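File shown: upload-v1.cif (mmCIF, C-alpha atoms).
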```cif
data_my_file
#
loop_
_atom_site.group_PDB
_atom_site.id
_atom_site.type_symbol
_atom_site.label_atom_id
_atom_site.label_comp_id
_atom_site.auth_asym_id
_atom_site.auth_seq_id
_atom_site.Cartn_x
_atom_site.Cartn_y
_atom_site.Cartn_z
ATOM 1 C CA MET A 1 20.985 6.984 -42.777
ATOM 2 C CA GLY A 2 22.316 10.343 -43.892
ATOM 3 C CA SER A 3 23.882 12.646 -41.379
ATOM 4 C CA MET A 4 21.539 15.531 -42.220
ATOM 5 C CA SER A 5 17.818 15.450 -42.998
ATOM 6 C CA THR A 6 16.248 18.307 -44.877
ATOM 7 C CA GLY A 7 12.747 16.876 -45.143
ATOM 8 C CA PRO A 8 9.843 17.003 -42.755
ATOM 9 C CA SER A 9 9.687 14.661 -39.776
ATOM 10 C CA VAL A 10 6.678 12.918 -38.304
ATOM 11 C CA ARG A 11 5.632 12.975 -34.667
ATOM 12 C CA VAL A 12 3.012 10.626 -33.218
ATOM 13 C CA GLY A 13 1.279 10.737 -29.840
ATOM 14 C CA ALA A 14 -1.280 8.362 -28.358
ATOM 15 C CA ASP A 15 -3.172 8.220 -25.095
ATOM 16 C CA LEU A 16 -5.796 6.122 -23.353
ATOM 17 C CA VAL A 17 -8.387 7.249 -20.788
ATOM 18 C CA ALA A 18 -10.901 5.226 -18.787
ATOM 19 C CA VAL A 19 -14.379 6.636 -19.441
ATOM 20 C CA ARG A 20 -15.294 5.894 -15.828
ATOM 21 C CA SER A 21 -12.585 8.262 -14.594
ATOM 22 C CA VAL A 22 -14.201 11.143 -16.482
ATOM 23 C CA ALA A 23 -17.613 10.249 -15.054
ATOM 24 C CA GLU A 24 -16.084 10.236 -11.557
ATOM 25 C CA SER A 25 -14.434 13.611 -12.141
ATOM 26 C CA ILE A 26 -17.748 15.113 -13.207
ATOM 27 C CA ALA A 27 -19.467 13.573 -10.198
ATOM 28 C CA CYS A 28 -16.789 14.985 -7.903
ATOM 29 C CA PHE A 29 -16.006 18.389 -9.399
ATOM 30 C CA GLY A 30 -18.964 18.977 -11.720
ATOM 31 C CA ASP A 31 -18.904 21.930 -14.054
ATOM 32 C CA ARG A 32 -15.558 23.113 -12.671
ATOM 33 C CA TYR A 33 -13.847 20.014 -14.070
ATOM 34 C CA VAL A 34 -15.630 20.284 -17.404
ATOM 35 C CA ARG A 35 -14.984 24.013 -17.917
ATOM 36 C CA ARG A 36 -11.326 23.712 -16.859
ATOM 37 C CA ILE A 37 -10.521 21.006 -19.378
ATOM 38 C CA TYR A 38 -12.936 21.246 -22.317
ATOM 39 C CA THR A 39 -13.839 24.133 -24.626
ATOM 40 C CA GLU A 40 -17.387 25.186 -25.412
ATOM 41 C CA HIS A 41 -17.103 23.499 -28.796
ATOM 42 C CA GLU A 42 -15.875 20.251 -27.247
ATOM 43 C CA ILE A 43 -18.677 20.273 -24.689
ATOM 44 C CA ALA A 44 -21.236 20.947 -27.420
ATOM 45 C CA SER A 45 -19.770 18.057 -29.429
ATOM 46 C CA CYS A 46 -20.388 15.589 -26.606
ATOM 47 C CA VAL A 47 -24.129 15.467 -26.175
ATOM 48 C CA GLY A 48 -26.396 12.552 -25.337
ATOM 49 C CA PRO A 49 -26.802 10.215 -22.391
ATOM 50 C CA PRO A 50 -24.148 10.537 -19.651
ATOM 51 C CA SER A 51 -22.283 7.452 -20.824
ATOM 52 C CA VAL A 52 -22.024 8.828 -24.366
ATOM 53 C CA MET A 53 -21.040 12.281 -23.154
ATOM 54 C CA CYS A 54 -18.345 10.886 -20.851
ATOM 55 C CA ALA A 55 -16.957 8.679 -23.613
ATOM 56 C CA GLY A 56 -16.683 11.701 -25.910
ATOM 57 C CA LEU A 57 -15.004 13.796 -23.241
ATOM 58 C CA ALA A 58 -12.623 10.967 -22.351
ATOM 59 C CA ALA A 59 -11.600 10.652 -25.994
ATOM 60 C CA ARG A 60 -10.974 14.390 -26.111
ATOM 61 C CA PHE A 61 -8.866 14.271 -22.954
ATOM 62 C CA ALA A 62 -6.857 11.483 -24.566
ATOM 63 C CA ALA A 63 -6.436 13.673 -27.663
ATOM 64 C CA LYS A 64 -5.140 16.555 -25.549
ATOM 65 C CA GLU A 65 -2.597 14.294 -23.847
ATOM 66 C CA ALA A 66 -1.604 12.752 -27.172
ATOM 67 C CA THR A 67 -1.083 16.248 -28.569
ATOM 68 C CA LEU A 68 1.183 17.092 -25.637
ATOM 69 C CA LYS A 69 3.297 14.077 -26.557
ATOM 70 C CA VAL A 70 3.583 15.528 -30.050
ATOM 71 C CA LEU A 71 4.353 19.075 -28.874
ATOM 72 C CA ARG A 72 6.967 17.858 -26.365
ATOM 73 C CA PRO A 73 6.985 20.879 -24.051
ATOM 74 C CA SER A 74 10.260 21.137 -22.170
ATOM 75 C CA GLY A 75 8.971 23.661 -19.651
ATOM 76 C CA HIS A 76 5.421 24.110 -18.487
ATOM 77 C CA ARG A 77 2.632 22.503 -20.452
ATOM 78 C CA PRO A 78 -0.102 24.464 -22.181
ATOM 79 C CA ASP A 79 -3.502 24.796 -20.590
ATOM 80 C CA TRP A 80 -5.978 22.078 -21.600
ATOM 81 C CA LEU A 81 -8.294 24.659 -23.161
ATOM 82 C CA SER A 82 -5.545 25.616 -25.621
ATOM 83 C CA LEU A 83 -5.620 22.077 -27.039
ATOM 84 C CA GLU A 84 -8.966 21.771 -28.789
ATOM 85 C CA VAL A 85 -10.580 18.929 -30.665
ATOM 86 C CA LEU A 86 -12.643 20.359 -33.499
ATOM 87 C CA ARG A 87 -15.464 18.172 -34.747
ATOM 88 C CA HIS A 88 -16.326 18.860 -38.344
ATOM 89 C CA PRO A 89 -19.882 18.585 -39.714
ATOM 90 C CA GLU A 90 -18.957 15.403 -41.587
ATOM 91 C CA GLY A 91 -17.956 13.774 -38.305
ATOM 92 C CA TRP A 92 -14.175 13.778 -38.542
ATOM 93 C CA CYS A 93 -12.030 15.674 -36.057
ATOM 94 C CA SER A 94 -8.890 17.794 -36.117
ATOM 95 C CA MET A 95 -6.763 19.424 -33.441
ATOM 96 C CA SER A 96 -6.623 23.187 -33.069
ATOM 97 C CA LEU A 97 -3.927 24.876 -31.015
ATOM 98 C CA HIS A 98 -4.307 28.183 -29.215
ATOM 99 C CA GLY A 99 -2.118 30.337 -27.009
ATOM 100 C CA TYR A 100 1.022 28.686 -25.684
ATOM 101 C CA ALA A 101 0.130 25.417 -27.417
ATOM 102 C CA ALA A 102 0.161 27.243 -30.749
ATOM 103 C CA VAL A 103 3.573 28.700 -29.881
ATOM 104 C CA LEU A 104 4.924 25.208 -29.190
ATOM 105 C CA GLY A 105 3.427 23.972 -32.444
ATOM 106 C CA ALA A 106 4.995 26.813 -34.407
ATOM 107 C CA ASP A 107 8.368 26.220 -32.738
ATOM 108 C CA ALA A 108 8.191 22.575 -33.832
ATOM 109 C CA GLY A 109 7.268 23.622 -37.376
ATOM 110 C CA ILE A 110 3.874 21.923 -37.147
ATOM 111 C CA ASP A 111 1.339 23.105 -39.696
ATOM 112 C CA GLU A 112 -1.447 20.657 -38.987
ATOM 113 C CA LEU A 113 -2.312 17.956 -36.494
ATOM 114 C CA ALA A 114 -4.338 14.938 -37.547
ATOM 115 C CA VAL A 115 -6.298 13.189 -34.817
ATOM 116 C CA SER A 116 -8.318 10.007 -34.566
ATOM 117 C CA LEU A 117 -10.595 9.295 -31.610
ATOM 118 C CA THR A 118 -12.192 6.040 -30.554
ATOM 119 C CA HIS A 119 -13.940 4.497 -27.561
ATOM 120 C CA GLU A 120 -15.103 1.016 -26.719
ATOM 121 C CA GLU A 121 -15.940 -0.954 -23.585
ATOM 122 C CA GLY A 122 -15.281 1.876 -21.160
ATOM 123 C CA VAL A 123 -11.997 3.001 -22.658
ATOM 124 C CA ALA A 124 -11.353 5.968 -24.934
ATOM 125 C CA ALA A 125 -8.231 6.524 -26.995
ATOM 126 C CA ALA A 126 -6.736 9.056 -29.358
ATOM 127 C CA VAL A 127 -3.858 9.136 -31.800
ATOM 128 C CA VAL A 128 -2.366 12.402 -33.021
ATOM 129 C CA VAL A 129 0.008 12.709 -35.956
ATOM 130 C CA ALA A 130 1.940 15.818 -36.937
ATOM 131 C CA LEU A 131 4.138 16.633 -39.873
ATOM 132 C CA CYS A 132 6.965 18.846 -38.650
ATOM 133 C CA PHE A 133 8.870 21.162 -40.907
ATOM 134 C CA GLY A 134 12.053 21.974 -39.019
ATOM 135 C CA ALA A 135 14.143 25.004 -39.812
ATOM 136 C CA ASP A 136 16.362 22.883 -42.064
ATOM 137 C CA SER A 137 13.400 22.041 -44.301
ATOM 138 C CA LEU A 138 12.960 25.678 -45.260
ATOM 139 C CA ASP A 139 14.563 26.963 -48.434
ATOM 140 C CA ALA A 140 16.468 30.223 -48.726
ATOM 141 C CA GLN A 141 13.212 32.174 -49.041
ATOM 142 C CA GLY A 142 11.832 30.521 -45.938
ATOM 143 C CA THR A 143 9.165 28.594 -47.860
ATOM 144 C CA ARG A 144 8.520 24.885 -47.685
ATOM 145 C CA ASP A 145 8.892 22.655 -50.683
ATOM 146 C CA LEU A 146 5.577 20.888 -50.312
ATOM 147 C CA GLU A 147 6.000 19.136 -53.645
ATOM 148 C CA LEU A 148 8.761 17.047 -52.082
ATOM 149 C CA ILE A 149 6.250 15.339 -49.849
ATOM 150 C CA GLY A 150 3.393 15.268 -52.308
ATOM 151 C CA VAL A 151 1.324 18.004 -50.699
ATOM 152 C CA GLY A 152 -0.240 20.903 -52.533
ATOM 153 C CA MET B 1 -0.107 20.625 4.748
ATOM 154 C CA ASP B 2 1.464 17.222 4.031
ATOM 155 C CA GLU B 3 -1.444 15.466 5.679
ATOM 156 C CA LYS B 4 -3.935 17.274 3.444
ATOM 157 C CA ILE B 5 -1.836 16.560 0.347
ATOM 158 C CA ARG B 6 -1.678 12.862 1.155
ATOM 159 C CA SER B 7 -5.383 12.752 1.909
ATOM 160 C CA ILE B 8 -6.128 14.262 -1.507
ATOM 161 C CA LEU B 9 -3.718 11.872 -3.201
ATOM 162 C CA THR B 10 -5.460 8.961 -1.487
ATOM 163 C CA GLU B 11 -8.894 10.127 -2.621
ATOM 164 C CA HIS B 12 -8.084 11.247 -6.155
ATOM 165 C CA GLY B 13 -4.691 9.809 -7.201
ATOM 166 C CA ARG B 14 -6.019 6.333 -8.018
ATOM 167 C CA PHE B 15 -2.851 4.685 -6.756
ATOM 168 C CA PRO B 16 -2.601 0.913 -6.719
ATOM 169 C CA MET B 17 -0.959 1.102 -3.288
ATOM 170 C CA ASP B 18 -1.322 2.895 0.021
ATOM 171 C CA VAL B 19 -0.259 6.528 -0.364
ATOM 172 C CA ALA B 20 1.363 6.286 3.071
ATOM 173 C CA ASP B 21 3.916 3.957 1.485
ATOM 174 C CA ILE B 22 4.945 6.587 -1.069
ATOM 175 C CA GLY B 23 7.951 8.645 -0.012
ATOM 176 C CA ASP B 24 7.953 12.433 -0.087
ATOM 177 C CA GLU B 25 10.319 12.537 -3.057
ATOM 178 C CA GLU B 26 8.990 9.470 -4.831
ATOM 179 C CA ASP B 27 7.634 9.957 -8.364
ATOM 180 C CA LEU B 28 3.836 9.857 -8.178
ATOM 181 C CA PHE B 29 3.439 9.121 -11.898
ATOM 182 C CA GLU B 30 5.791 6.152 -11.633
ATOM 183 C CA ALA B 31 3.758 5.073 -8.608
ATOM 184 C CA GLY B 32 0.668 4.846 -10.799
ATOM 185 C CA MET B 33 -0.989 8.258 -10.980
ATOM 186 C CA THR B 34 -2.374 8.886 -14.472
ATOM 187 C CA SER B 35 -2.490 12.266 -16.203
ATOM 188 C CA HIS B 36 -6.243 12.342 -15.770
ATOM 189 C CA ALA B 37 -5.957 11.511 -12.078
ATOM 190 C CA SER B 38 -3.471 14.350 -11.697
ATOM 191 C CA VAL B 39 -6.190 16.730 -12.939
ATOM 192 C CA ASN B 40 -8.440 15.552 -10.126
ATOM 193 C CA VAL B 41 -5.608 15.985 -7.652
ATOM 194 C CA MET B 42 -5.051 19.513 -8.956
ATOM 195 C CA LEU B 43 -8.738 20.420 -8.656
ATOM 196 C CA ALA B 44 -8.950 18.936 -5.159
ATOM 197 C CA LEU B 45 -5.858 20.880 -4.076
ATOM 198 C CA GLU B 46 -7.432 24.047 -5.454
ATOM 199 C CA ASP B 47 -10.589 23.353 -3.453
ATOM 200 C CA GLU B 48 -8.719 22.524 -0.278
ATOM 201 C CA PHE B 49 -6.324 25.479 -0.365
ATOM 202 C CA ASP B 50 -8.637 27.956 -2.125
ATOM 203 C CA LEU B 51 -6.321 28.761 -5.017
ATOM 204 C CA GLU B 52 -5.905 28.155 -8.724
ATOM 205 C CA PHE B 53 -2.810 26.743 -10.370
ATOM 206 C CA PRO B 54 -1.724 29.163 -13.126
ATOM 207 C CA GLU B 55 -0.767 27.818 -16.555
ATOM 208 C CA ILE B 56 2.916 28.412 -15.807
ATOM 209 C CA MET B 57 2.665 25.767 -13.053
ATOM 210 C CA LEU B 58 0.898 23.211 -15.232
ATOM 211 C CA ARG B 59 3.898 20.972 -15.627
ATOM 212 C CA LYS B 60 4.371 17.358 -14.752
ATOM 213 C CA SER B 61 7.060 18.290 -12.250
ATOM 214 C CA THR B 62 4.551 20.330 -10.189
ATOM 215 C CA PHE B 63 2.629 17.174 -9.321
ATOM 216 C CA GLU B 64 5.369 14.563 -9.538
ATOM 217 C CA SER B 65 5.898 14.111 -5.799
ATOM 218 C CA VAL B 66 4.493 15.068 -2.421
ATOM 219 C CA ALA B 67 7.478 17.360 -1.946
ATOM 220 C CA ALA B 68 6.901 19.020 -5.341
ATOM 221 C CA ILE B 69 3.219 19.604 -4.576
ATOM 222 C CA ARG B 70 4.132 21.068 -1.202
ATOM 223 C CA ALA B 71 6.662 23.391 -2.846
ATOM 224 C CA ALA B 72 4.081 24.534 -5.404
ATOM 225 C CA LEU B 73 1.505 25.232 -2.711
ATOM 226 C CA VAL B 74 4.005 27.152 -0.633
ATOM 227 C CA GLU B 75 4.875 29.209 -3.696
ATOM 228 C CA LEU B 76 1.204 30.001 -4.286
ATOM 229 C CA ILE B 77 -0.026 30.615 -0.767
ATOM 230 C CA GLY B 78 3.073 30.909 1.388
ATOM 231 C CA THR B 79 3.543 28.745 4.460
#
```
As structure tokens - that is how I would like this structure written.
Amino acid sequence: MGSMSTGPSVRVGADLVAVRSVAESIACFGDRYVRRIYTEHEIASCVGPPSVMCAGLAARFAAKEATLKVLRPSGHRPDWLSLEVLRHPEGWCSMSLHGYAAVLGADAGIDELAVSLTHEEGVAAAVVVALCFGADSLDAQGTRDLELIGVG
Amino acid sequence: MDEKIRSILTEHGRFPMDVADIGDEEDLFEAGMTSHASVNVMLALEDEFDLEFPEIMLRKSTFESVAAIRAALVELIGT
């Protein structure tokens, strides 16, 4: 191992949520729980019978927690609404950061977060991967040598 | 206040043990409270004390113990 690394680093976060716990939260706190945690887009992405909707929301909560593990906030954590799972028309998802979450992402040199969601047998899970370009991976002009990692 | 906090933890914390056996300073996450359960605890505290936790207080340490929750509530609503 060299003493100094000038390339990007990888951060991974994962989390697991019981679908039943989301159903119980909705039963207990209703719309207040949903609107406090999930964005309009996320809510619109989780349609169908209650069990399907809760599984989708549970996977998204897991994605938010997994993203926090990637962002590694040392002080307060960003609001859940600032950590958004975007579902693309083709069905795949990505993470979008807003507000303080975006600040944490920028501080970590994160350009993009990849996310994978899954649920099965009452449990939902998410894995988030980020490529971090630290300050020492910037050249003198402050640009990133993407060719080094085969991007672009 | 402590009684209400412990009642909410009992109802929403999903602990594998009796909340009465958890000390004031004991780590609630180490005692078994999940991140998702802590959201329910937060919402129940907001209902009970008629307040809203601002983003600046959304940190694990705010909900990590009975004493920490009490301190956060006192900060938000006074004694």
TODO: Quick one: apply the PyMOL selection byres ((chain A) within 8 of (chain B)) to the file and drop the selected residues here as a list in words.
DONE: Val17, Ser21, Ser25, Phe29, Tyr33, Phe61, Glu65, Gly75, His76, Arg77, Pro78 and Asp79 of chain A
Keeping only C-alpha atoms, write the selected residues as a compact mmCIF listing (two decimals), keeping the file's coordinate frame.
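Dumped everything to out_36.txt:
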```
# COMPACT_ATOMS: atom_id res chain seq x y z
CA VAL A 17 -8.39 7.25 -20.79
CA SER A 21 -12.58 8.26 -14.59
CA SER A 25 -14.43 13.61 -12.14
CA PHE A 29 -16.01 18.39 -9.40
CA TYR A 33 -13.85 20.01 -14.07
CA PHE A 61 -8.87 14.27 -22.95
CA GLU A 65 -2.60 14.29 -23.85
CA GLY A 75 8.97 23.66 -19.65
CA HIS A 76 5.42 24.11 -18.49
CA ARG A 77 2.63 22.50 -20.45
CA PRO A 78 -0.10 24.46 -22.18
CA ASP A 79 -3.50 24.80 -20.59
```
TODO: List the residues selected by the PyMOL selection byres ((chain B and resi 9) around 10) in the file shown, writing them as a PyMOL selection string.
DONE: chain B and resi 3-8+10-15+18-20+28+33+37-38+40-42+44-45+66
Could you list, as a compact mmCIF listing (two decimals) with C-alpha atoms, in the frame of the given file, every residue matched by the PyMOL selection byres ((chain A and resi 90-93) around 9) in this structure?
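And here is the file that came out, out31.txt:
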```txt
# COMPACT_ATOMS: atom_id res chain seq x y z
CA VAL A 85 -10.58 18.93 -30.66
CA LEU A 86 -12.64 20.36 -33.50
CA ARG A 87 -15.46 18.17 -34.75
CA HIS A 88 -16.33 18.86 -38.34
CA PRO A 89 -19.88 18.58 -39.71
CA SER A 94 -8.89 17.79 -36.12
CA MET A 95 -6.76 19.42 -33.44
CA ALA A 114 -4.34 14.94 -37.55
CA VAL A 115 -6.30 13.19 -34.82
CA SER A 116 -8.32 10.01 -34.57
CA LEU A 117 -10.60 9.30 -31.61
```
- [ ] Tell me, as a PyMOL selection string, which residues lie within 6 Å of Val129 (chain A), counting all atoms listed in the file; anything in the same chain fewer than 3 positions away does not count.
- [x] chain A and resi 11-12+113-114
Task: d(CA of Val128 (chain A), CA of Arg36 (chain A)) in Å - done: 21.7 Å
Task: All residues 9 Å or closer to Cys46 (chain A), all atoms listed in the file, same chain fewer than 5 positions away omitted, as a list in words - done: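 Counting only the stated atoms, we get His41, Val52, Met53, Cys54, Ala55, Gly56 and Leu57 of chain A.
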Starting from the point (8.2, 13.3, -43.5), work out which residues of protein, DNA or RNA have an atom no more than 7 Å away when counting only C-alpha atoms; state them as a CSV table (one decimal) with C-alpha atoms, in the frame of the given file.
```csv
chain,number,residue,atom,x,y,z
A,7,GLY,CA,12.7,16.9,-45.1
A,8,PRO,CA,9.8,17.0,-42.8
A,9,SER,CA,9.7,14.7,-39.8
A,10,VAL,CA,6.7,12.9,-38.3
A,131,LEU,CA,4.1,16.6,-39.9
A,149,ILE,CA,6.2,15.3,-49.8
```
Box dimensions and centre (Å, one decimal) enclosing region 79-90 of chain A, axis-aligned, 8 Å extra per side, as AutoDock Vina command-line options:
```
--center_x -11.7 --center_y 20.5 --center_z -31.1 --size_x 32.4 --size_y 26.2 --size_z 37.0
```
TODO: Between CA of Gly13 (chain A) and CA of Leu68 (chain A), measure the distance and give it in Å to one decimal.
DONE: 7.6 Å
Open item on the list: What does the structure give for the distance between CA of Arg72 (chain A) and CA of Asp31 (chain A), in Å to one decimal?
Closed with: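 Separating CA of Arg72 (chain A) from CA of Asp31 (chain A) is a distance of 28.9 Å.
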Which polymer residues have any atom within 12 Å of an atom of Val74 (chain B), counting all atoms listed in the file, with same-chain residues fewer than 6 positions away left out, as a CSV table (one decimal) with C-alpha atoms, in the coordinates of the input?
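Once written, selection02.csv looks like this:
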```csv
chain,number,residue,atom,x,y,z
B,1,MET,CA,-0.1,20.6,4.7
B,2,ASP,CA,1.5,17.2,4.0
B,49,PHE,CA,-6.3,25.5,-0.4
B,51,LEU,CA,-6.3,28.8,-5.0
B,53,PHE,CA,-2.8,26.7,-10.4
B,62,THR,CA,4.6,20.3,-10.2
B,67,ALA,CA,7.5,17.4,-1.9
B,68,ALA,CA,6.9,19.0,-5.3
```
Task: Residue nearest Arg20 (chain A) - candidates A:Val127, A:Cys132, A:Leu83, A:Ala58, atoms counted: all atoms listed in the file - done: A:Ala58
As an mmCIF file with C-alpha atoms, keeping the file's coordinate frame, please: the residues near Tyr38 (chain A) (cut-off 8 Å, only C-alpha atoms, same-chain neighbours under 6 positions excluded).
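Once written, part-v4.cif looks like this:
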```cif
data_model
loop_
_atom_site.group_PDB
_atom_site.id
_atom_site.type_symbol
_atom_site.label_atom_id
_atom_site.label_comp_id
_atom_site.auth_asym_id
_atom_site.auth_seq_id
_atom_site.Cartn_x
_atom_site.Cartn_y
_atom_site.Cartn_z
ATOM 1 C CA LEU A 57 -15.004 13.796 -23.241
ATOM 2 C CA TRP A 80 -5.978 22.078 -21.600
ATOM 3 C CA LEU A 81 -8.294 24.659 -23.161
ATOM 4 C CA GLU A 84 -8.966 21.771 -28.789
#
```
Task: From B:Glu46, B:Gly23, B:Gly32, B:Pro16, residue lying nearest Ala72 (chain B) [all atoms listed in the file] - done: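 Once distances to Ala72 (chain B) are computed over all atoms listed in the file, the minimum belongs to B:Glu46.
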Task: Among the residues A:Leu16, A:Ser82, A:Ala124, A:Asp111, the one that comes closest to His98 (chain A) [using all atoms listed in the file] - done: A:Ser82
